[in-house]
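Coordinates as given in target39.txt (compact mmCIF, C-alpha atoms):
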# COMPACT_ATOMS: atom_id res chain seq x y z
CA MET A 1 8.16 -5.47 11.52
CA ILE A 2 7.64 -2.52 9.17
CA SER A 3 3.99 -1.56 8.92
CA GLY A 4 4.29 0.94 6.04
CA PRO A 5 6.33 3.88 4.73
CA ARG A 6 6.12 5.50 8.19
CA GLY A 7 7.60 2.42 9.86
CA ASP A 8 10.37 2.28 12.45
CA TRP A 9 13.34 3.07 10.20
CA HIS A 10 15.37 4.27 13.17
CA ARG A 11 15.41 0.70 14.48
CA VAL A 12 16.49 -0.60 11.06
CA ARG A 13 19.46 1.77 11.08
CA ALA A 14 20.30 0.96 14.70
CA ASP A 15 20.29 -2.80 14.11
CA LEU A 16 22.42 -2.44 11.00
CA ASP A 17 24.90 -0.27 12.90
CA ARG A 18 25.09 -2.77 15.76
CA TYR A 19 25.05 -6.10 13.95
CA ALA A 20 26.03 -5.22 10.34
CA THR A 21 22.88 -7.16 9.42
CA VAL A 22 19.17 -6.45 9.65
CA VAL A 23 16.16 -8.45 8.51
CA LEU A 24 12.76 -6.81 8.30
CA TYR A 25 9.35 -8.12 7.34
CA ALA A 26 6.04 -6.61 6.37
CA HIS A 27 2.49 -7.54 5.52
CA LEU A 28 1.64 -7.33 1.83
CA GLY A 29 -1.47 -5.28 2.51
CA ASP A 30 0.58 -2.47 4.09
CA TRP A 31 2.67 -2.00 0.95
CA GLN A 32 0.52 -2.85 -2.05
CA PRO A 33 -0.25 -0.04 -4.52
CA GLN A 34 -3.82 1.13 -4.84
CA ARG A 35 -3.63 1.57 -8.61
CA ALA A 36 -1.26 -0.21 -11.02
CA GLY A 37 -0.84 2.94 -13.10
CA ASN A 38 -0.11 5.21 -10.15
CA PRO A 39 2.64 7.66 -11.22
CA ARG A 40 4.15 7.48 -7.73
CA LEU A 41 4.50 3.73 -8.14
CA ARG A 42 6.22 4.22 -11.48
CA ALA A 43 8.65 6.67 -9.89
CA LEU A 44 9.43 4.21 -7.10
CA LEU A 45 9.89 1.20 -9.36
CA GLY A 46 12.18 3.06 -11.75
CA ARG A 47 13.90 0.54 -14.03
CA ASP A 48 11.67 -2.21 -12.64
CA TRP A 49 8.61 -0.55 -14.18
CA ALA A 50 8.98 -2.51 -17.43
CA ARG A 51 9.31 -5.79 -15.52
CA PHE A 52 6.22 -4.88 -13.53
CA LEU A 53 4.20 -4.29 -16.73
CA ASP A 54 5.33 -7.63 -18.17
CA LEU A 55 3.69 -9.50 -15.29
CA THR A 56 0.13 -10.47 -16.19
CA HIS A 57 -1.02 -12.22 -13.00
CA PRO A 58 -2.46 -9.64 -10.54
CA GLY A 59 -1.07 -11.40 -7.48
CA LEU A 60 2.44 -11.60 -8.91
CA ARG A 61 2.26 -7.93 -9.90
CA THR A 62 1.23 -6.90 -6.41
CA ARG A 63 3.97 -8.90 -4.68
CA PHE A 64 6.60 -7.73 -7.16
CA ALA A 65 5.73 -4.05 -6.72
CA SER A 66 5.23 -4.18 -2.97
CA SER A 67 8.45 -6.06 -2.27
CA ARG A 68 10.53 -3.66 -4.40
CA VAL A 69 9.01 -0.60 -2.78
CA LEU A 70 9.65 -2.03 0.71
CA LEU A 71 13.24 -2.81 -0.29
CA LYS A 72 13.78 0.70 -1.66
CA PHE A 73 12.42 2.37 1.48
CA ALA A 74 14.65 0.12 3.59
CA ALA A 75 17.75 0.90 1.53
CA ALA A 76 16.89 4.61 1.44
CA SER A 77 16.59 4.69 5.22
CA VAL A 78 20.22 3.59 5.67
CA LEU A 79 21.68 5.45 2.69
CA HIS A 80 19.90 8.69 3.66
CA VAL A 81 18.46 9.27 0.20
CA ALA A 82 14.95 9.38 -1.22
CA PRO A 83 13.49 5.91 -2.01
CA GLN A 84 12.71 6.89 -5.60
CA ASP A 85 16.43 7.61 -6.08
CA ILE A 86 17.32 3.99 -5.29
CA GLU A 87 17.85 1.91 -8.42
CA LEU A 88 18.05 -1.86 -8.36
CA GLY A 89 20.28 -3.86 -10.64
CA TYR A 90 20.29 -7.60 -11.22
CA THR A 91 23.15 -10.00 -11.83
CA PRO A 92 22.86 -12.55 -14.66
CA THR A 93 21.52 -15.05 -12.10
CA GLY A 94 18.86 -12.58 -10.91
CA ARG A 95 20.40 -11.48 -7.63
CA PRO A 96 19.37 -7.87 -6.84
CA TYR A 97 21.88 -5.22 -5.84
CA LEU A 98 21.93 -1.45 -5.29
CA ARG A 99 23.15 0.20 -8.48
CA GLY A 100 26.10 2.50 -7.81
CA TYR A 101 26.49 1.49 -4.17
CA ASP A 102 28.03 -1.75 -2.94
CA GLY A 103 28.40 -0.77 0.72
CA VAL A 104 25.06 -2.40 1.53
CA GLN A 105 24.16 -5.87 0.27
CA ILE A 106 20.50 -6.78 -0.11
CA SER A 107 18.23 -9.79 -0.37
CA LEU A 108 14.53 -10.18 -0.96
CA SER A 109 11.83 -12.82 -0.49
CA HIS A 110 8.06 -12.85 -0.61
CA THR A 111 5.44 -15.56 -0.23
CA ASP A 112 1.69 -15.28 0.23
CA GLU A 113 1.12 -12.21 2.45
CA LEU A 114 4.68 -11.90 3.75
CA LEU A 115 7.41 -9.58 2.44
CA LEU A 116 10.98 -10.11 3.66
CA VAL A 117 14.08 -7.92 3.18
CA GLY A 118 17.65 -8.45 4.36
CA LEU A 119 20.41 -5.81 4.49
CA ALA A 120 24.08 -6.40 5.37
CA THR A 121 27.22 -4.25 5.44
CA GLY A 122 29.88 -6.81 6.44
CA GLY A 123 29.35 -9.22 3.56
CA VAL A 124 26.63 -10.92 1.54
CA ILE A 125 23.16 -11.88 2.73
CA GLY A 126 20.34 -14.13 1.59
CA VAL A 127 16.83 -14.46 3.04
CA ASP A 128 13.95 -16.81 2.33
CA ALA A 129 10.53 -17.57 3.78
CA GLU A 130 7.87 -20.25 3.36
CA ARG A 131 4.61 -20.94 5.14
CA SER A 132 5.20 -23.27 8.06
CA ASP A 133 2.15 -25.40 7.23
CA ARG A 134 3.53 -26.29 3.79
CA SER A 135 3.92 -30.04 3.22
CA LEU A 136 7.18 -31.11 1.54
CA TYR A 137 7.73 -34.69 2.61
CA GLY A 138 7.15 -37.27 -0.10
CA PRO A 139 8.89 -39.48 -2.65
CA GLY A 140 11.80 -38.10 -4.64
CA LEU A 141 13.50 -36.10 -1.87
CA GLY A 142 16.91 -37.18 -3.10
CA ARG A 143 16.15 -36.09 -6.66
CA GLN A 144 14.97 -32.55 -5.92
CA LEU A 145 15.71 -31.26 -2.43
CA CYS A 146 18.01 -33.39 -0.28
CA THR A 147 21.48 -34.83 -0.39
CA ALA A 148 21.88 -38.53 0.33
CA ASN A 149 22.96 -37.71 3.87
CA GLU A 150 19.98 -35.40 4.47
CA THR A 151 17.55 -37.96 3.08
CA GLU A 152 18.90 -40.61 5.45
CA LEU A 153 18.56 -38.29 8.45
CA ILE A 154 15.06 -37.14 7.46
CA GLU A 155 13.84 -40.73 7.04
CA ALA A 156 15.09 -41.52 10.55
CA MET A 157 12.95 -38.76 12.07
CA PRO A 158 9.43 -39.27 13.44
CA LEU A 159 6.92 -38.68 10.65
CA GLU A 160 5.40 -35.64 12.35
CA GLU A 161 8.78 -33.85 12.45
CA ARG A 162 9.78 -34.31 8.82
CA ASP A 163 7.91 -31.43 7.18
CA ALA A 164 9.28 -28.86 9.66
CA ALA A 165 12.81 -30.19 9.13
CA LEU A 166 12.40 -30.06 5.36
CA LEU A 167 11.08 -26.50 5.49
CA ARG A 168 14.15 -25.52 7.47
CA LEU A 169 16.42 -27.19 4.90
CA TRP A 170 14.55 -25.66 1.96
CA THR A 171 14.66 -22.09 3.27
CA LEU A 172 18.30 -22.40 4.36
CA LYS A 173 19.27 -23.61 0.89
CA GLU A 174 17.32 -20.83 -0.76
CA ALA A 175 18.91 -18.23 1.51
CA TYR A 176 22.44 -19.55 0.94
CA SER A 177 21.94 -19.77 -2.83
CA LYS A 178 20.73 -16.17 -2.88
CA ALA A 179 23.65 -15.00 -0.74
CA ILE A 180 26.27 -16.50 -3.05
CA GLY A 181 24.39 -15.23 -6.11
CA LEU A 182 23.70 -18.55 -7.82
CA GLY A 183 19.99 -18.93 -7.15
CA MET A 184 18.51 -22.11 -8.59
CA GLN A 185 21.69 -22.77 -10.61
CA PHE A 186 23.14 -24.43 -7.51
CA ARG A 187 21.28 -27.75 -7.24
CA PHE A 188 19.88 -28.39 -3.78
CA THR A 189 21.09 -32.00 -3.95
CA ASP A 190 24.72 -30.77 -4.21
CA PHE A 191 24.93 -29.19 -0.73
CA GLY A 192 23.13 -29.55 2.54
CA PHE A 193 22.62 -28.79 6.21
CA ARG A 194 21.85 -30.75 9.34
CA PRO A 195 18.06 -31.16 9.39
CA ASP A 196 17.87 -31.63 13.17
CA GLY A 197 18.60 -27.98 14.11
CA THR A 198 22.12 -28.55 15.44
CA PRO A 199 24.74 -25.80 14.89
CA THR A 200 24.42 -24.85 11.27
CA GLU A 201 26.98 -24.93 8.50
CA VAL A 202 26.91 -25.89 4.85
CA ARG A 203 27.66 -29.57 4.37
CA ARG A 204 28.80 -31.62 1.40
CA PRO A 205 26.51 -34.34 0.00
CA ASP A 206 28.18 -36.92 2.24
CA GLY A 207 27.50 -34.82 5.36
CA THR A 208 31.03 -33.53 5.97
CA PRO A 209 31.49 -29.79 6.69
CA GLY A 210 31.69 -27.59 3.59
CA THR A 211 32.09 -24.08 5.07
CA GLY A 212 33.81 -22.51 8.04
CA ASP A 213 32.98 -19.75 10.48
CA GLU A 214 32.84 -17.13 7.71
CA TRP A 215 29.17 -18.07 7.29
CA SER A 216 26.34 -17.61 9.79
CA PHE A 217 22.87 -19.12 9.44
CA GLY A 218 19.63 -18.81 11.33
CA THR A 219 16.08 -20.14 11.03
CA TYR A 220 13.15 -18.51 12.81
CA LEU A 221 9.42 -19.08 13.19
CA LEU A 222 7.56 -15.88 12.43
CA ASP A 223 3.97 -15.41 13.57
CA ALA A 224 2.16 -13.13 11.13
CA SER A 225 -1.46 -12.06 10.91
CA ASP A 226 -2.25 -14.73 8.29
CA GLY A 227 -0.32 -17.61 9.86
CA GLN A 228 3.17 -18.81 10.72
CA TYR A 229 6.20 -18.65 8.43
CA THR A 230 9.59 -20.35 8.48
CA VAL A 231 12.29 -17.75 7.79
CA SER A 232 15.96 -18.50 7.13
CA VAL A 233 18.90 -16.11 6.83
CA ALA A 234 22.40 -16.72 5.47
CA VAL A 235 25.17 -14.15 6.03
CA GLY A 236 28.68 -14.44 4.62
CA ASP A 237 31.40 -12.41 6.33
CA ALA A 238 33.66 -10.70 3.78
CA GLY A 239 36.34 -10.26 6.44
CA PHE A 240 36.50 -6.46 6.27
CA GLY A 241 34.10 -5.64 9.10
CA GLY A 242 30.88 -3.69 8.84
CA THR A 243 30.58 -0.31 7.17
CA VAL A 244 30.47 2.41 9.82
CA ASP A 245 28.93 5.13 7.67
CA HIS A 246 26.22 3.93 5.28
CA ALA A 247 25.23 7.32 3.87
CA ALA A 248 25.55 7.44 0.10
CA ALA A 249 26.74 11.04 0.39
CA THR A 250 29.95 9.84 2.06
CA THR A 251 31.15 8.38 -1.25
CA LEU A 252 30.32 11.46 -3.31
CA ASP A 253 31.80 14.91 -3.66
CA ALA A 254 30.09 17.25 -1.19
CA GLY A 255 29.32 19.82 -3.89
CA ILE A 256 27.61 17.23 -6.05
CA VAL A 257 25.59 16.00 -3.08
CA ASP A 258 24.44 19.52 -2.23
CA ALA A 259 23.42 20.13 -5.83
CA LEU A 260 21.51 16.85 -6.01
CA THR A 261 19.84 17.42 -2.67
CA GLU A 262 18.68 20.87 -3.73
CA ALA A 263 17.45 19.60 -7.07
CA LEU A 264 15.69 16.50 -5.75
CA GLY A 265 14.61 17.83 -2.35
CA ALA A 266 12.86 15.73 0.32
CA ASP A 267 14.29 13.44 2.93
CA LEU A 268 12.86 10.07 3.89
CA SER A 269 10.31 11.49 6.32
CA GLU A 270 8.90 13.70 3.58
CA ASP A 271 8.83 10.75 1.21
CA ALA A 272 6.93 8.74 3.80
CA ASP A 273 4.32 11.47 3.91
CA GLU A 274 4.18 11.71 0.14
CA PHE A 275 3.89 7.98 -0.42
CA GLY A 276 1.93 7.17 2.71
CA ASP A 277 -1.32 6.70 0.80
CA TRP A 278 0.13 5.59 -2.51
Represent the supplied structure as structure tokens.
Amino acid sequence: MISGPRGDWHRVRADLDRYATVVLYAHLGDWQPQRAGNPRLRALLGRDWARFLDLTHPGLRTRFASSRVLLKFAAASVLHVAPQDIELGYTPTGRPYLRGYDGVQISLSHTDELLLVGLATGGVIGVDAERSDRSLYGPGLGRQLCTANETELIEAMPLEERDAALLRLWTLKEAYSKAIGLGMQFRFTDFGFRPDGTPTEVRRPDGTPGTGDEWSFGTYLLDASDGQYTVSVAVGDAGFGGTVDHAAATTLDAGIVDALTEALGADLSEDADEFGDW
């Protein structure tokens, strides 16, 4: 849990060092900008500023800005740079990445009042969250969400268990699709999981295993101030181990780093003070 710019970034770095993966969440109210035209917000959003201005719905604007700022503070905490110096890029399928630095992979999700960020150094990561009280069961499962095998297993479950199982499937599929960078281009009826919570792996439409131990998956129930969320994480191991040193300065010439540091000033703690009331 990260409650704002002055959150526990030491724990984020420690978990990433230990596990090569960290997932953090925050409440929207702790990260939303006070004014849409705030110059500090524009500095933090950087290249995303134009995308922010294109959004007309106030709620979408708030979630877009807040999630990107949280992501930039998280990335800055492990790269040891100022958050406004982090620039996000996007693949043709919309997957975000850190421009100029591929040592840390990122993923992002937001729904209602929840913001979710995943960071990984040993491979790719995808995260997704949905409210746990969301109802998904109904006709047409096999046309939109489930493989034939999943539909058969869901229909065999007690009625009261089906929505929770479907939420698990939905968030796992979203997380995996984000991790591999295909997003909604990978139809959810073309791959699946076991809906009963047994050891998790990607499965083909007929239910046979589709991935090996290079992938790890997890689903968690998260109690937040506004209710409970179902959160799923997908992590793909690239096979090279985790990055020991995440600092962006490690990949740059020391003289250039010194010059940039002097010109730009401020470490993360100073940025937290500067943006604490943004």
Determine, using all atoms listed in the file, which residues of range 156-187 of chain A have any atom at most 12 Å from an atom of range 108-114 of chain A, and tabulate each with its shortest atom pair and distance in Å to one decimal place, rows ordered by chain and then rising number, as a tab-separated table.
residue	atom	partner	partner_atom	distance
A:Thr171	CA	A:Ser109	CA	10.4
A:Glu174	CA	A:Ser109	CA	9.7
A:Ala175	CA	A:Ser109	CA	9.1
A:Lys178	CA	A:Leu108	CA	8.8
A:Ala179	CA	A:Leu108	CA	10.3
Just the selected residues (C-alpha atoms), exported as an mmCIF file, in the frame of the given file, please.
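The resulting file, selection_1.cif, is shown below:
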data_model
loop_
_atom_site.group_PDB
_atom_site.id
_atom_site.type_symbol
_atom_site.label_atom_id
_atom_site.label_comp_id
_atom_site.auth_asym_id
_atom_site.auth_seq_id
_atom_site.Cartn_x
_atom_site.Cartn_y
_atom_site.Cartn_z
ATOM 1 C CA THR A 171 14.660 -22.090 3.270
ATOM 2 C CA GLU A 174 17.320 -20.830 -0.760
ATOM 3 C CA ALA A 175 18.910 -18.230 1.510
ATOM 4 C CA LYS A 178 20.730 -16.170 -2.880
ATOM 5 C CA ALA A 179 23.650 -15.000 -0.740
#
(message) Would you compute the distance between CA of Arg42 in chain A and CA of Asp8 in chain A? Give it in Å to one decimal.
(response) 24.4 Å
(message) Would you compute the distance between CA of Arg95 in chain A and CA of Ala76 in chain A? Give it in Å to one decimal.
(response)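 Between CA of Arg95 in chain A and CA of Ala76 in chain A the gap works out to 18.8 Å.
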(request) Would you mind reading off the distance between CA of Ala65 in chain A and CA of Ala120 in chain A, one decimal, in Å? (result)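 Between CA of Ala65 in chain A and CA of Ala120 in chain A the gap works out to 22.1 Å.
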(request) List the neighbours of range 189-191 of chain A out to 8 Å using all atoms listed in the file; skip same-chain residues closer than 3 positions along the sequence, and give me the result as a ChimeraX atom specification. (result) /A:142-148,186,202-205
Listing only residues of range 53-107 of chain A within 9 Å of range 16-35 of chain A, what is the closest atom pair and its distance in Å (to one decimal) for each, using all atoms listed in the file, sorted by chain and residue number ascending, as a Markdown table?
| residue | atom | partner | partner_atom | distance |
| --- | --- | --- | --- | --- |
| A:Thr62 | CA | A:Gln32 | CA | 6.0 |
| A:Arg63 | CA | A:Leu28 | CA | 7.1 |
| A:Ala65 | CA | A:Gln32 | CA | 7.1 |
| A:Ser66 | CA | A:Gln32 | CA | 5.0 |
| A:Ser67 | CA | A:Trp31 | CA | 7.8 |
| A:Val69 | CA | A:Trp31 | CA | 7.5 |
| A:Leu70 | CA | A:Trp31 | CA | 7.0 |
| A:Ala74 | CA | A:Leu24 | CA | 8.6 |
| A:Val78 | CA | A:Leu16 | CA | 8.3 |
For those residues, write C-alpha atoms to a file as a PDB file, in the coordinates of the input.
ATOM      1  CA  THR A  62       1.230  -6.900  -6.410  1.00  0.00           C
ATOM      2  CA  ARG A  63       3.970  -8.900  -4.680  1.00  0.00           C
ATOM      3  CA  ALA A  65       5.730  -4.050  -6.720  1.00  0.00           C
ATOM      4  CA  SER A  66       5.230  -4.180  -2.970  1.00  0.00           C
ATOM      5  CA  SER A  67       8.450  -6.060  -2.270  1.00  0.00           C
ATOM      6  CA  VAL A  69       9.010  -0.600  -2.780  1.00  0.00           C
ATOM      7  CA  LEU A  70       9.650  -2.030   0.710  1.00  0.00           C
ATOM      8  CA  ALA A  74      14.650   0.120   3.590  1.00  0.00           C
ATOM      9  CA  VAL A  78      20.220   3.590   5.670  1.00  0.00           C
TER      10      VAL A  78
END
(request) Enumerate, as a list in words, the protein, DNA and RNA residues whose atoms approach (22.1, -28.6, 6.6) to within 7 Å, taking into account only C-alpha atoms and the coordinate frame of the file. (result) Leu169, Gly192, Phe193, Arg194, Pro195, Thr200, Glu201, Val202 and Arg203 of chain A
(request) Please provide the set of residues having any atom within 8 Å of Tyr137 in chain A, restricted to all atoms listed in the file, with same-chain residues fewer than 5 positions apart removed, written as a ChimeraX atom specification. (result) /A:162-163,166
(message) Restricting the calculation to all atoms listed in the file: of A:Ala238, A:Ala165, A:Ala43, A:Leu222, which residue gets closest to Val124 in chain A?
(response) A:Ala238
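The shell of residues at most 10 Å from Ala164 in chain A, with only C-alpha atoms counted and near chain neighbours (fewer than 6 positions) removed, consists of Ser132, Asp133, Arg134, Ser135, Leu136, Tyr137, Trp170, Pro195, Asp196 and Thr230 of chain A.
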(message) Between A:Gln185, A:Gln84, A:Ser225, A:Ser216, which residue has the minimum interatomic distance to Leu44 in chain A, considering all atoms listed in the file?
(response) A:Gln84
(message) Set the distance at 12 Å and use only C-alpha atoms: which residues neighbour Leu182 in chain A once local chain neighbours fewer than 4 positions away are removed? I'd like the list as JSON, numbers by chain.
(response) {"A": [90, 91, 92, 93, 94, 95, 96, 126, 173, 174, 175, 176, 177, 178, 186, 187, 188]}
